[in-house]
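> Attaching a single structure in structure tokens format; questions to follow.
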Amino acid sequence: MTAPILFKKARVIDPAQGLDSQMDCLLVDGKVASLDKDLEAPQGARVIDLWGKWLVPGLIDIHVHLREPGFEYKETIETGVKAAASGGFTRVCCMPNTSPPNDNEGITRFIIEKAESAGLCKVSPVACITKGQKGEELSEFFDLLKAGAVAFSDDGLPVTNARLMRLALEYSLNFDTVIISHSEELSLSQGGVMNEGIVSTLLGLKGVPKAAEEVAVFRDCTLAELTGARLHIAHVSTKGSVEIIRRAKEKGVRVTCETAPHYFSLTEEVVKGYNTYAKMNPPLRTEEDRCAIIEGLRDGTIDCIATDHAPHEDLVKECEFAQAANGIIGLETALPLALKVLMRNEGFSPKRIVELMSQNPAKVLGLNGGSLKVGDPADITIIDPDCQFTYSREKVLSKSHNSPFLDESFKGRAIMTVVDGKIVFEQKG
Amino acid sequence: MTKLRSKHILGISHLSAEEISFILDTAESLKEILDRPIKKVPPLRGRTIISLFFEPSTRTKLSFDLAAKRLSADSISISAKTSSVVKGETLIDTVRNIQAMRPDIIVIRHSMSGVPHLISRYIDASVINAGDGINEHPSQALLDLYTVREHFGHIEGLKVTIVGDIAHSRVAHSDILGFNKMGAEVTVCGPATMIPPYVEELGCKVSLNLKEAVKDSDVVIALRIQKERQGRSLIPSEREYSTVFGISREVMSYLKDTAILMHPGPINRGVEMSSEVVDSERSIILDQVTNGVAIRMALFTLLLADTGEN
Ligand SMILES: [Zn+2]
């Protein structure tokens with residue numbers, strides 16, 4: 001048993017309980033034991049003064065790529081959870097596009113066991129919608145859920161066949177689970193390497209039109225309406241997608257969605273100079289889209305922030321733009337970017353940031369966590385909103401370094417991460 | 001002006017109008033060498049120019065090679081194969097190996113946009129972009145500008161119309177930028193499936209009607225048409241293209257009487273233009289080829305001018 005921990009004088013922000021005030025928080029036996037003013041420290045408790053710091057329910061990232069099994073040279077579960085813990089995450093959901101893909105209970109269990117032995121961050125696997133992510137037959141939802149999968153996605157690839165997507169949504173109803181859609185119309189996006197627009201014309205790069213995402217988002221929302229199933233749209237990047245999802249929600253369709261920090265922080269301008277660290281799928285869009293994403297996060301059309309943490313070795317980024325791999329790492333910069341862009345620039349409240357990064361991601365997939373009620377598991381993130389740091393290459397904990405934010409200075413980050421009452425990360429100095 | 005700002009020629013987008021004029025003036029002073037009985041002068045003796053062609057090319061490669069030889073540089077050209085990133089030698093490794101042989105200039109052509117920009121970050125030699133993907137082909141645009149200036153005596157105020165697959169033509173991209181920078185009025189025309197989004201941002205007008213587009217033009221540049229682009233057809237047939245967008249004798253009648261016709265080659269006779277138009281006195285396609293050597297001599301001279309011999 002780990003010793004009790006008493007956090008003193010923290011700014012406790014827990015939207016689930018409507019809390020945002022200075023309090024103490026006592027953790028005993030891996031659970032939240034009490035939350036009140038002026039708590040007494042029990043025998044043997046470690047007392048940590050948190051004056052000026054925030055104490056929030058542990059951050060949850062429902063879209064990461066941990067690359068194991070198969071691509072251990074990009075990331076392992078161990079290095080991935082290390083990066084997650086230092087970014088303030090107490091739970092991450094890993095996508096199934098490993099090699100082999102996570103389409104059976106053996107791989108699901110392997111991932112969970114690996115994560116448990118690393119012990120830094122809870123890992124909930126997302127399993128394949130279709131066997132081998134081939135888009136042909138459904139994978140065994142019941143078996144996968146029993147093994148510990150929390151949702152289904154063929155992420156990295158869309159389910160191109162609309163009938164199969166309908167079947168997946170229908171079948172998910174039996175288990176009250178969620179289908180996470182990577183919504184992309186491949187016939188429109190194929191060959192494209194960045195957003196189709198002014199910059200793609202200036203750079204002579206093939207573009208991916210926004211419509212490639214939007215027609216797929218519209219299709220999937222329509223199928224969710226038809227089936228009544230729970231649909232979650234991954235990595236929303238365009239204004240049009242936000243509008244389609246807003247309308248679907250108004251109609252009562254059971255659809256939720258996420259965006260990634262890069263879609264509210266960056267635009268296609270960053271690609272100039274053939275910057276492969278700005279290459280991802282969906283691609284970075286325009287300022288108009290970035291603003292619409294922020295409005296979607298503000299008004300609740302977009303439910304949560306997820307990183308789409310996508311580690312890649314230098315070799316596939318230091319190369320021809322058209323051949324470079326898609327994606328960037330994001331676990332260590334997600335919270336700093338949310339604080340910088342959403343809170344400081346856009347006036348989001350700290351409570352809204354916690355909703356978007358902890359409470360809502362838990363709600364979207366029905367995960368444990370996202371609140372600090374007495375008796376809840378003590379998954380907690382301590383944030384210093386004033387901590388200044390530069391995200392330099394040697395500080396990166398992920399095995400890969402593919403970030404467009406290297407050498408950027410930030411104000412605000414996680415300084416301590418607690419999982420089941422155990423401190424798994426503590427910022428030194 | 002005595003030297004270019006950058007040690008690389010990556011694209012017209014990186015050059016100012018003043019630099020372009022400087023290059024054209026330099027080419028003009030060098031062109032006379034090409035008419036001498038002994039077409040060789042010594043200024044680049046001992047200099048090494050390596051041409052790396054990752055895409056097949058006959059005339060551009062030949063033109064760069066000749067330009068180097070006319071100036072007495074040691075020139076070697078290599079036809080390389082594009083390798084995948086993970087298998088075989090990477091592009092960066094290839095380039096580092098070539099750098100180790102201490103060339104002064106690397107001329108590169110590649111099927112992917114941005115490759116000259118990428119390698120310029122890894123080597124000490126000057127890089128000349130001889131065509132990258134659908135991005136730019138600066139030496140072609142410079143020779144087009146040279147040819148037009150030589151013919152009319154100026155570029156400013158001319159009406160230039162570019163016809164064809166604008167979206168997949170690095171020549172179109174560089175020509176639009178170049179003619180716009182030099183004060184010409186540029187219009188592009190072609191099937192709407194071949195017009196890139198926001199192309200007006202490069203400094204041109206878009207017309208979807210050929211007769212309107214070429215009306216009162218001083219210069220018409222027709223581009224080579226390929227029906228298939230990575231397995232996708234952007235037009236129903238070459239036959240229909242030539243009917244709607246081909247430059248025929250009739251289309252020529254809408255141009256100014258003094259107008260000229262250009263093409264970056266190789267020409268599909270009967271598709272982009274009718275055979276009789278290609279062979280007419282209005283066509284100055286072969287002048288373009290001659291001027292290409294002079295332009296490339298100018299680029300070599302300017303890039304190596306200031307580096308001294310120590
Ligand atoms: Zn995806």
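Residue numbering restarts at 1 in every chain; chains get A, B, ... in the order shown in the structure tokens, and ligands count up from 1 in that same order.
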Enumerate as a compact mmCIF listing (two decimals) with N, CA, C and O atoms, in the first residue's frame the residues within 9 Å of ligand 1, counting only C-alpha atoms and all ligand atoms.


```txt
# COMPACT_ATOMS: atom_id res chain seq x y z
N HIS A 63 -7.02 9.28 -27.75
CA HIS A 63 -6.51 8.98 -29.10
C HIS A 63 -4.99 9.09 -29.14
O HIS A 63 -4.43 10.15 -29.38
N MET A 95 -4.74 3.43 -30.16
CA MET A 95 -5.39 3.01 -31.39
C MET A 95 -4.81 1.68 -31.88
O MET A 95 -3.65 1.35 -31.59
N SER A 153 -12.25 1.20 -33.50
CA SER A 153 -11.88 2.14 -34.54
C SER A 153 -10.93 1.47 -35.52
O SER A 153 -10.16 0.59 -35.12
N ASP A 154 -10.99 1.86 -36.78
CA ASP A 154 -9.96 1.42 -37.74
C ASP A 154 -8.99 2.57 -37.97
O ASP A 154 -8.39 2.69 -39.04
N ASP A 155 -8.82 3.43 -36.97
CA ASP A 155 -8.09 4.69 -37.13
C ASP A 155 -6.80 4.55 -37.94
O ASP A 155 -6.07 3.57 -37.82
N GLY A 156 -6.55 5.58 -38.70
CA GLY A 156 -5.48 5.55 -39.69
C GLY A 156 -6.12 5.33 -41.04
O GLY A 156 -5.69 5.88 -42.04
N LEU A 157 -7.20 4.55 -41.00
CA LEU A 157 -7.97 4.27 -42.21
C LEU A 157 -9.44 4.50 -41.92
O LEU A 157 -9.91 4.23 -40.82
N PRO A 158 -10.17 4.97 -42.89
CA PRO A 158 -11.63 5.03 -42.72
C PRO A 158 -12.24 3.67 -43.04
O PRO A 158 -11.60 2.84 -43.68
N SER A 181 -14.74 7.00 -35.48
CA SER A 181 -14.52 7.03 -36.93
C SER A 181 -13.40 7.98 -37.34
O SER A 181 -13.37 9.14 -36.94
N HIS A 182 -12.48 7.44 -38.12
CA HIS A 182 -11.51 8.27 -38.84
C HIS A 182 -12.22 8.59 -40.15
O HIS A 182 -12.20 7.79 -41.08
N SER A 183 -12.89 9.73 -40.19
CA SER A 183 -13.77 10.04 -41.32
C SER A 183 -12.99 10.68 -42.45
O SER A 183 -12.53 11.81 -42.34
N GLU A 184 -12.86 9.93 -43.52
CA GLU A 184 -12.08 10.42 -44.67
C GLU A 184 -12.57 9.72 -45.93
O GLU A 184 -12.67 8.50 -45.95
N ALA A 234 -13.19 11.15 -34.81
CA ALA A 234 -11.82 11.47 -34.40
C ALA A 234 -11.32 12.72 -35.13
O ALA A 234 -11.81 13.07 -36.20
N HIS A 235 -10.36 13.35 -34.53
CA HIS A 235 -9.59 14.47 -35.11
C HIS A 235 -10.33 15.35 -36.12
O HIS A 235 -9.98 15.38 -37.30
N ASN A 281 -2.48 13.74 -40.93
CA ASN A 281 -3.75 13.41 -41.57
C ASN A 281 -4.84 13.34 -40.51
O ASN A 281 -4.73 12.53 -39.61
N PRO A 282 -5.92 14.13 -40.58
CA PRO A 282 -6.14 15.17 -41.58
C PRO A 282 -5.08 16.27 -41.50
O PRO A 282 -4.46 16.47 -40.45
N ASP A 308 -3.92 12.51 -30.72
CA ASP A 308 -3.50 11.77 -31.91
C ASP A 308 -1.97 11.64 -31.91
O ASP A 308 -1.32 11.73 -32.96
```

> Near chain A, which residues of chain B fall within 9 Å when you count only C-alpha atoms, and what do they look like as an mmCIF file with N, CA and C atoms, in the first residue's frame?


```cif
data_model
loop_
_atom_site.group_PDB
_atom_site.id
_atom_site.type_symbol
_atom_site.label_atom_id
_atom_site.label_comp_id
_atom_site.auth_asym_id
_atom_site.auth_seq_id
_atom_site.Cartn_x
_atom_site.Cartn_y
_atom_site.Cartn_z
ATOM 1 N N SER B 13 9.887 31.971 -57.119
ATOM 2 C CA SER B 13 9.295 32.586 -55.926
ATOM 3 C C SER B 13 10.358 33.209 -55.015
ATOM 4 N N SER B 84 12.475 4.357 -52.043
ATOM 5 C CA SER B 84 11.521 4.577 -50.964
ATOM 6 C C SER B 84 12.314 5.028 -49.743
ATOM 7 N N VAL B 85 11.613 5.627 -48.783
ATOM 8 C CA VAL B 85 12.335 6.173 -47.639
ATOM 9 C C VAL B 85 12.999 5.092 -46.817
ATOM 10 N N VAL B 86 12.342 3.955 -46.703
ATOM 11 C CA VAL B 86 12.872 2.953 -45.789
ATOM 12 C C VAL B 86 13.785 1.933 -46.457
ATOM 13 N N THR B 90 18.810 6.504 -48.661
ATOM 14 C CA THR B 90 17.873 7.620 -48.619
ATOM 15 C C THR B 90 18.419 8.761 -49.466
ATOM 16 N N LEU B 91 17.527 9.654 -49.820
ATOM 17 C CA LEU B 91 17.915 10.816 -50.615
ATOM 18 C C LEU B 91 18.998 11.619 -49.885
ATOM 19 N N ILE B 92 18.813 11.785 -48.585
ATOM 20 C CA ILE B 92 19.767 12.571 -47.801
ATOM 21 C C ILE B 92 21.150 11.915 -47.844
ATOM 22 N N MET B 112 9.320 14.896 -56.856
ATOM 23 C CA MET B 112 8.585 15.371 -55.675
ATOM 24 C C MET B 112 8.893 16.828 -55.366
ATOM 25 N N SER B 113 7.847 17.591 -55.156
ATOM 26 C CA SER B 113 7.995 19.009 -54.854
ATOM 27 C C SER B 113 8.792 19.200 -53.562
ATOM 28 N N GLY B 114 9.675 20.182 -53.572
ATOM 29 C CA GLY B 114 10.389 20.542 -52.342
ATOM 30 C C GLY B 114 11.716 19.823 -52.153
ATOM 31 N N VAL B 115 12.055 18.887 -53.028
ATOM 32 C CA VAL B 115 13.305 18.140 -52.833
ATOM 33 C C VAL B 115 14.546 19.041 -52.936
ATOM 34 N N HIS B 117 14.785 22.097 -52.091
ATOM 35 C CA HIS B 117 14.770 22.860 -50.842
ATOM 36 C C HIS B 117 15.315 22.002 -49.711
ATOM 37 N N LEU B 118 14.873 20.731 -49.697
ATOM 38 C CA LEU B 118 15.320 19.799 -48.660
ATOM 39 C C LEU B 118 16.833 19.605 -48.730
ATOM 40 N N ASP B 132 11.028 20.443 -59.828
ATOM 41 C CA ASP B 132 10.654 19.593 -58.685
ATOM 42 C C ASP B 132 9.147 19.376 -58.671
ATOM 43 N N GLY B 133 8.759 18.137 -58.949
ATOM 44 C CA GLY B 133 7.341 17.750 -58.892
ATOM 45 C C GLY B 133 6.476 18.701 -59.686
ATOM 46 N N ILE B 134 5.415 19.171 -59.042
ATOM 47 C CA ILE B 134 4.539 20.136 -59.693
ATOM 48 C C ILE B 134 4.788 21.514 -59.114
ATOM 49 N N ASN B 135 5.982 21.706 -58.548
ATOM 50 C CA ASN B 135 6.265 22.997 -57.926
ATOM 51 C C ASN B 135 6.855 24.008 -58.901
ATOM 52 N N GLU B 136 8.165 23.945 -59.134
ATOM 53 C CA GLU B 136 8.780 24.988 -59.966
ATOM 54 C C GLU B 136 9.790 24.412 -60.960
ATOM 55 N N ALA B 167 -2.484 22.929 -63.231
ATOM 56 C CA ALA B 167 -2.342 22.340 -61.895
ATOM 57 C C ALA B 167 -1.121 21.428 -61.788
ATOM 58 N N HIS B 168 -0.768 20.774 -62.886
ATOM 59 C CA HIS B 168 0.327 19.812 -62.787
ATOM 60 C C HIS B 168 1.566 20.272 -63.538
ATOM 61 N N SER B 169 1.669 21.580 -63.789
ATOM 62 C CA SER B 169 2.801 22.067 -64.550
ATOM 63 C C SER B 169 3.678 22.984 -63.728
ATOM 64 N N ARG B 170 4.895 22.521 -63.467
ATOM 65 C CA ARG B 170 5.854 23.369 -62.758
ATOM 66 C C ARG B 170 6.292 24.529 -63.647
ATOM 67 N N HIS B 173 3.669 27.156 -63.144
ATOM 68 C CA HIS B 173 3.852 27.792 -61.828
ATOM 69 C C HIS B 173 4.972 28.836 -61.889
ATOM 70 N N PRO B 196 -5.437 24.885 -60.648
ATOM 71 C CA PRO B 196 -5.286 24.659 -59.206
ATOM 72 C C PRO B 196 -6.098 25.668 -58.376
ATOM 73 N N PRO B 197 -6.451 25.298 -57.142
ATOM 74 C CA PRO B 197 -7.226 26.218 -56.308
ATOM 75 C C PRO B 197 -6.402 27.474 -55.981
ATOM 76 N N TYR B 198 -7.066 28.601 -55.953
ATOM 77 C CA TYR B 198 -6.436 29.874 -55.563
ATOM 78 C C TYR B 198 -5.244 30.250 -56.440
ATOM 79 N N VAL B 199 -5.247 29.817 -57.706
ATOM 80 C CA VAL B 199 -4.090 30.094 -58.562
ATOM 81 C C VAL B 199 -3.906 31.605 -58.757
ATOM 82 N N GLU B 201 -3.723 33.713 -56.629
ATOM 83 C CA GLU B 201 -2.778 34.190 -55.614
ATOM 84 C C GLU B 201 -1.345 34.251 -56.139
ATOM 85 N N LEU B 202 -1.072 33.495 -57.206
ATOM 86 C CA LEU B 202 0.277 33.515 -57.775
ATOM 87 C C LEU B 202 0.474 34.756 -58.640
ATOM 88 N N GLN B 230 -1.236 10.076 -62.566
ATOM 89 C CA GLN B 230 -1.301 9.064 -61.522
ATOM 90 C C GLN B 230 -2.587 8.243 -61.619
#
```

> Could you pull out the helix (DSSP H, G or I) residues of region 26-235 of chain B, going by DSSP on the backbone, and write them as a PyMOL selection string?

chain B and resi 26-35+59-70+91-99+115-120+138-152+170-181+192-194+199-202+210-214

> Neighbouring residues of Gly246 (chain B) were defined as those with any atom within 8 Å, considering only C-alpha atoms; residues of the same chain fewer than 5 positions away were excluded. Please report them as a list of chain:residue names.

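Within the cut-off, the hits are B:Tyr241, B:Gly270, B:Val271, B:Glu272, B:Met273, B:Ser274.
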
> Can you measure CA of His65 (chain A) to CA of Phe264 (chain A) for me? One decimal in Å is fine.

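We find that CA of His65 (chain A) and CA of Phe264 (chain A) lie 20.1 Å from each other.
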
> So that I can see what lies close to Leu342 (chain A), please list as a count of residues only the residues with an atom at most 10 Å from it, counting only C-alpha atoms and leaving out residues fewer than 5 positions away in the same chain.

15

> So which residues touch region 19-34 of chain B within 8 Å, counting only C-alpha atoms, skipping near sequence neighbours fewer than 3 positions away, as a list in words?

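Those residues are Met1, Leu4, Leu15, Ser16, Lys39, Lys40, Val41, Leu142, Leu145, Tyr146, Asn291, Ala294, Ile295, Arg296, Met297, Ala298, Leu299 and Leu302 of chain B.
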
> Give me a file of those residues, with C-alpha atoms, as a tab-separated table (two decimals), in the first residue's frame.


```tsv
chain	number	residue	atom	x	y	z
B	1	MET	CA	23.47	44.47	-58.73
B	4	LEU	CA	22.31	37.12	-56.26
B	15	LEU	CA	13.90	35.77	-56.90
B	16	SER	CA	13.17	39.50	-57.09
B	39	LYS	CA	32.02	27.61	-78.30
B	40	LYS	CA	34.09	27.38	-75.15
B	41	VAL	CA	35.37	29.93	-72.66
B	142	LEU	CA	13.94	32.32	-67.01
B	145	LEU	CA	11.33	35.41	-69.98
B	146	TYR	CA	14.58	35.81	-71.87
B	291	ASN	CA	18.24	30.51	-75.03
B	294	ALA	CA	22.50	30.84	-72.30
B	295	ILE	CA	20.27	31.09	-69.22
B	296	ARG	CA	21.92	28.08	-67.60
B	297	MET	CA	25.37	29.50	-68.37
B	298	ALA	CA	24.24	32.68	-66.64
B	299	LEU	CA	23.06	30.78	-63.55
B	302	LEU	CA	26.40	34.05	-61.17
```

> Using only C-alpha atoms, which residues sit within 8 Å of Ser124 (chain A) once same-chain residues fewer than 5 positions away are excluded, as a PyMOL selection string?

chain A and resi 91-94+112+148-150

> Could you please take those selected residues and save all heavy atoms as a PDB file, in the first residue's frame?


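New file again-v5.pdb:
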```
ATOM      1  N   ARG A  91      -4.686   8.421 -18.014  1.00  0.00           N
ATOM      2  CA  ARG A  91      -5.210   7.328 -18.839  1.00  0.00           C
ATOM      3  C   ARG A  91      -5.105   7.742 -20.306  1.00  0.00           C
ATOM      4  O   ARG A  91      -5.392   8.893 -20.652  1.00  0.00           O
ATOM      5  CB  ARG A  91      -6.671   7.012 -18.504  1.00  0.00           C
ATOM      6  CG  ARG A  91      -7.216   5.817 -19.289  1.00  0.00           C
ATOM      7  CD  ARG A  91      -8.699   5.600 -19.064  1.00  0.00           C
ATOM      8  NE  ARG A  91      -9.043   5.246 -17.701  1.00  0.00           N
ATOM      9  CZ  ARG A  91      -9.018   4.014 -17.194  1.00  0.00           C
ATOM     10  NH1 ARG A  91      -8.648   2.994 -17.951  1.00  0.00           N
ATOM     11  NH2 ARG A  91      -9.368   3.783 -15.946  1.00  0.00           N
ATOM     12  N   VAL A  92      -4.668   6.784 -21.129  1.00  0.00           N
ATOM     13  CA  VAL A  92      -4.674   7.019 -22.576  1.00  0.00           C
ATOM     14  C   VAL A  92      -5.344   5.827 -23.253  1.00  0.00           C
ATOM     15  O   VAL A  92      -5.311   4.711 -22.739  1.00  0.00           O
ATOM     16  CB  VAL A  92      -3.244   7.202 -23.156  1.00  0.00           C
ATOM     17  CG1 VAL A  92      -2.580   8.439 -22.577  1.00  0.00           C
ATOM     18  CG2 VAL A  92      -2.382   5.967 -22.934  1.00  0.00           C
ATOM     19  N   CYS A  93      -5.969   6.094 -24.386  1.00  0.00           N
ATOM     20  CA  CYS A  93      -6.582   5.026 -25.176  1.00  0.00           C
ATOM     21  C   CYS A  93      -5.777   4.892 -26.456  1.00  0.00           C
ATOM     22  O   CYS A  93      -5.607   5.865 -27.194  1.00  0.00           O
ATOM     23  CB  CYS A  93      -8.029   5.366 -25.512  1.00  0.00           C
ATOM     24  SG  CYS A  93      -9.014   5.644 -24.032  1.00  0.00           S
ATOM     25  N   CYS A  94      -5.250   3.668 -26.682  1.00  0.00           N
ATOM     26  CA  CYS A  94      -4.332   3.514 -27.822  1.00  0.00           C
ATOM     27  C   CYS A  94      -5.032   2.874 -29.006  1.00  0.00           C
ATOM     28  O   CYS A  94      -5.809   1.939 -28.877  1.00  0.00           O
ATOM     29  CB  CYS A  94      -3.102   2.722 -27.404  1.00  0.00           C
ATOM     30  SG  CYS A  94      -3.458   1.107 -26.753  1.00  0.00           S
ATOM     31  N   ILE A 112      -2.516  -4.337 -22.372  1.00  0.00           N
ATOM     32  CA  ILE A 112      -2.884  -3.992 -20.994  1.00  0.00           C
ATOM     33  C   ILE A 112      -1.813  -4.470 -20.014  1.00  0.00           C
ATOM     34  O   ILE A 112      -1.404  -3.739 -19.106  1.00  0.00           O
ATOM     35  CB  ILE A 112      -4.274  -4.573 -20.652  1.00  0.00           C
ATOM     36  CG1 ILE A 112      -5.338  -3.832 -21.485  1.00  0.00           C
ATOM     37  CG2 ILE A 112      -4.576  -4.444 -19.160  1.00  0.00           C
ATOM     38  CD1 ILE A 112      -6.716  -4.444 -21.430  1.00  0.00           C
ATOM     39  N   GLY A 148     -10.801  -6.142 -22.432  1.00  0.00           N
ATOM     40  CA  GLY A 148     -10.453  -4.819 -21.911  1.00  0.00           C
ATOM     41  C   GLY A 148     -10.480  -3.688 -22.918  1.00  0.00           C
ATOM     42  O   GLY A 148     -10.154  -2.550 -22.587  1.00  0.00           O
ATOM     43  N   ALA A 149     -10.872  -3.966 -24.156  1.00  0.00           N
ATOM     44  CA  ALA A 149     -10.998  -2.872 -25.133  1.00  0.00           C
ATOM     45  C   ALA A 149     -12.143  -1.960 -24.705  1.00  0.00           C
ATOM     46  O   ALA A 149     -13.098  -2.404 -24.064  1.00  0.00           O
ATOM     47  CB  ALA A 149     -11.270  -3.437 -26.521  1.00  0.00           C
ATOM     48  N   VAL A 150     -12.017  -0.671 -25.033  1.00  0.00           N
ATOM     49  CA  VAL A 150     -13.026   0.288 -24.572  1.00  0.00           C
ATOM     50  C   VAL A 150     -13.830   0.907 -25.717  1.00  0.00           C
ATOM     51  O   VAL A 150     -14.820   1.605 -25.466  1.00  0.00           O
ATOM     52  CB  VAL A 150     -12.381   1.420 -23.740  1.00  0.00           C
ATOM     53  CG1 VAL A 150     -11.830   0.862 -22.435  1.00  0.00           C
ATOM     54  CG2 VAL A 150     -11.306   2.151 -24.539  1.00  0.00           C
TER      55      VAL A 150
END
```

> Taking 6 positions as the minimum chain separation for residues in the same chain, which residues sit within 6 Å of region 185-191 of chain B when counting only C-alpha atoms? Answer as a list in words.

Lys159, Val160, Thr161, Ile162, Val163, Gly164, Cys204, Lys205, Val206, Ser207 and Leu208 of chain B

> Could you pull out the strand (DSSP E) residues of region 128-227 of chain B from DSSP and send them as a PyMOL selection string?

chain B and resi 128-132+159-163+185-189+205-207+219-222

> So that I have them on file, write out the residues from the current selection with N, CA and C atoms, as a short mmCIF file (atom, residue, chain, number, x, y, z; two decimals), in the first residue's frame.


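Saved the output as part_19.cif:
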```cif
data_model
loop_
_atom_site.label_atom_id
_atom_site.label_comp_id
_atom_site.auth_asym_id
_atom_site.auth_seq_id
_atom_site.Cartn_x
_atom_site.Cartn_y
_atom_site.Cartn_z
N ILE B 128 20.69 24.06 -57.82
CA ILE B 128 19.80 24.61 -58.85
C ILE B 128 18.66 23.63 -59.06
N ASN B 129 17.46 24.12 -58.91
CA ASN B 129 16.27 23.32 -59.13
C ASN B 129 16.02 23.20 -60.64
N ALA B 130 16.15 21.98 -61.14
CA ALA B 130 15.87 21.76 -62.58
C ALA B 130 14.48 21.17 -62.77
N GLY B 131 13.61 21.43 -61.80
CA GLY B 131 12.24 20.92 -61.87
C GLY B 131 11.95 20.02 -60.70
N ASP B 132 11.03 20.44 -59.83
CA ASP B 132 10.65 19.59 -58.69
C ASP B 132 9.15 19.38 -58.67
N LYS B 159 0.75 40.99 -72.67
CA LYS B 159 -0.31 40.09 -72.23
C LYS B 159 0.12 38.65 -72.55
N VAL B 160 0.28 37.87 -71.50
CA VAL B 160 0.78 36.51 -71.65
C VAL B 160 -0.31 35.53 -71.24
N THR B 161 -0.60 34.56 -72.09
CA THR B 161 -1.63 33.57 -71.77
C THR B 161 -1.00 32.18 -71.76
N ILE B 162 -1.27 31.46 -70.67
CA ILE B 162 -0.73 30.10 -70.54
C ILE B 162 -1.90 29.13 -70.62
N VAL B 163 -1.79 28.16 -71.53
CA VAL B 163 -2.92 27.27 -71.79
C VAL B 163 -2.51 25.82 -71.50
N GLU B 185 0.96 40.92 -67.89
CA GLU B 185 -0.37 40.56 -67.39
C GLU B 185 -0.62 39.11 -67.79
N VAL B 186 -0.76 38.24 -66.79
CA VAL B 186 -0.80 36.80 -67.06
C VAL B 186 -2.22 36.27 -66.91
N THR B 187 -2.64 35.46 -67.88
CA THR B 187 -3.93 34.76 -67.80
C THR B 187 -3.66 33.28 -67.99
N VAL B 188 -4.31 32.44 -67.19
CA VAL B 188 -4.19 31.00 -67.42
C VAL B 188 -5.53 30.48 -67.90
N CYS B 189 -5.47 29.44 -68.71
CA CYS B 189 -6.68 28.88 -69.28
C CYS B 189 -6.50 27.38 -69.47
N LYS B 205 -4.80 35.90 -63.87
CA LYS B 205 -6.25 35.78 -64.00
C LYS B 205 -6.53 34.38 -64.50
N VAL B 206 -7.77 33.93 -64.27
CA VAL B 206 -8.18 32.62 -64.77
C VAL B 206 -9.28 32.84 -65.79
N SER B 207 -9.16 32.18 -66.93
CA SER B 207 -10.23 32.21 -67.91
C SER B 207 -10.54 30.79 -68.30
N VAL B 219 1.74 36.95 -76.09
CA VAL B 219 2.46 35.68 -75.96
C VAL B 219 1.46 34.61 -75.54
N VAL B 220 1.49 33.47 -76.24
CA VAL B 220 0.71 32.32 -75.78
C VAL B 220 1.69 31.18 -75.52
N ILE B 221 1.60 30.63 -74.32
CA ILE B 221 2.45 29.48 -73.97
C ILE B 221 1.52 28.28 -73.82
N ALA B 222 1.71 27.29 -74.68
CA ALA B 222 0.91 26.07 -74.57
C ALA B 222 1.72 25.04 -73.81
#
```

> Mind running region 321-412 of chain A against region 23-30 of chain A at 12 Å and telling me each contacting residue's nearest atom pair with the distance in Å (one decimal), counting only C-alpha atoms, chain and number ascending, as a Markdown table?


```
| residue | atom | partner | partner_atom | distance |
| --- | --- | --- | --- | --- |
| A:Leu372 | CA | A:Cys25 | CA | 9.4 |
| A:Lys373 | CA | A:Cys25 | CA | 10.6 |
| A:Val374 | CA | A:Leu27 | CA | 9.4 |
| A:Gly375 | CA | A:Gly30 | CA | 9.2 |
| A:Asp376 | CA | A:Gly30 | CA | 8.8 |
| A:Pro377 | CA | A:Gly30 | CA | 6.0 |
| A:Ala378 | CA | A:Gly30 | CA | 5.3 |
| A:Asp379 | CA | A:Gly30 | CA | 8.3 |
| A:Ile380 | CA | A:Leu27 | CA | 9.9 |
| A:Ile382 | CA | A:Cys25 | CA | 11.6 |
```

> Go ahead and compute the interatomic distance for CA of Glu105 (chain A) and CA of Cys128 (chain A), in Å to one decimal.

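The value is 10.8 Å.
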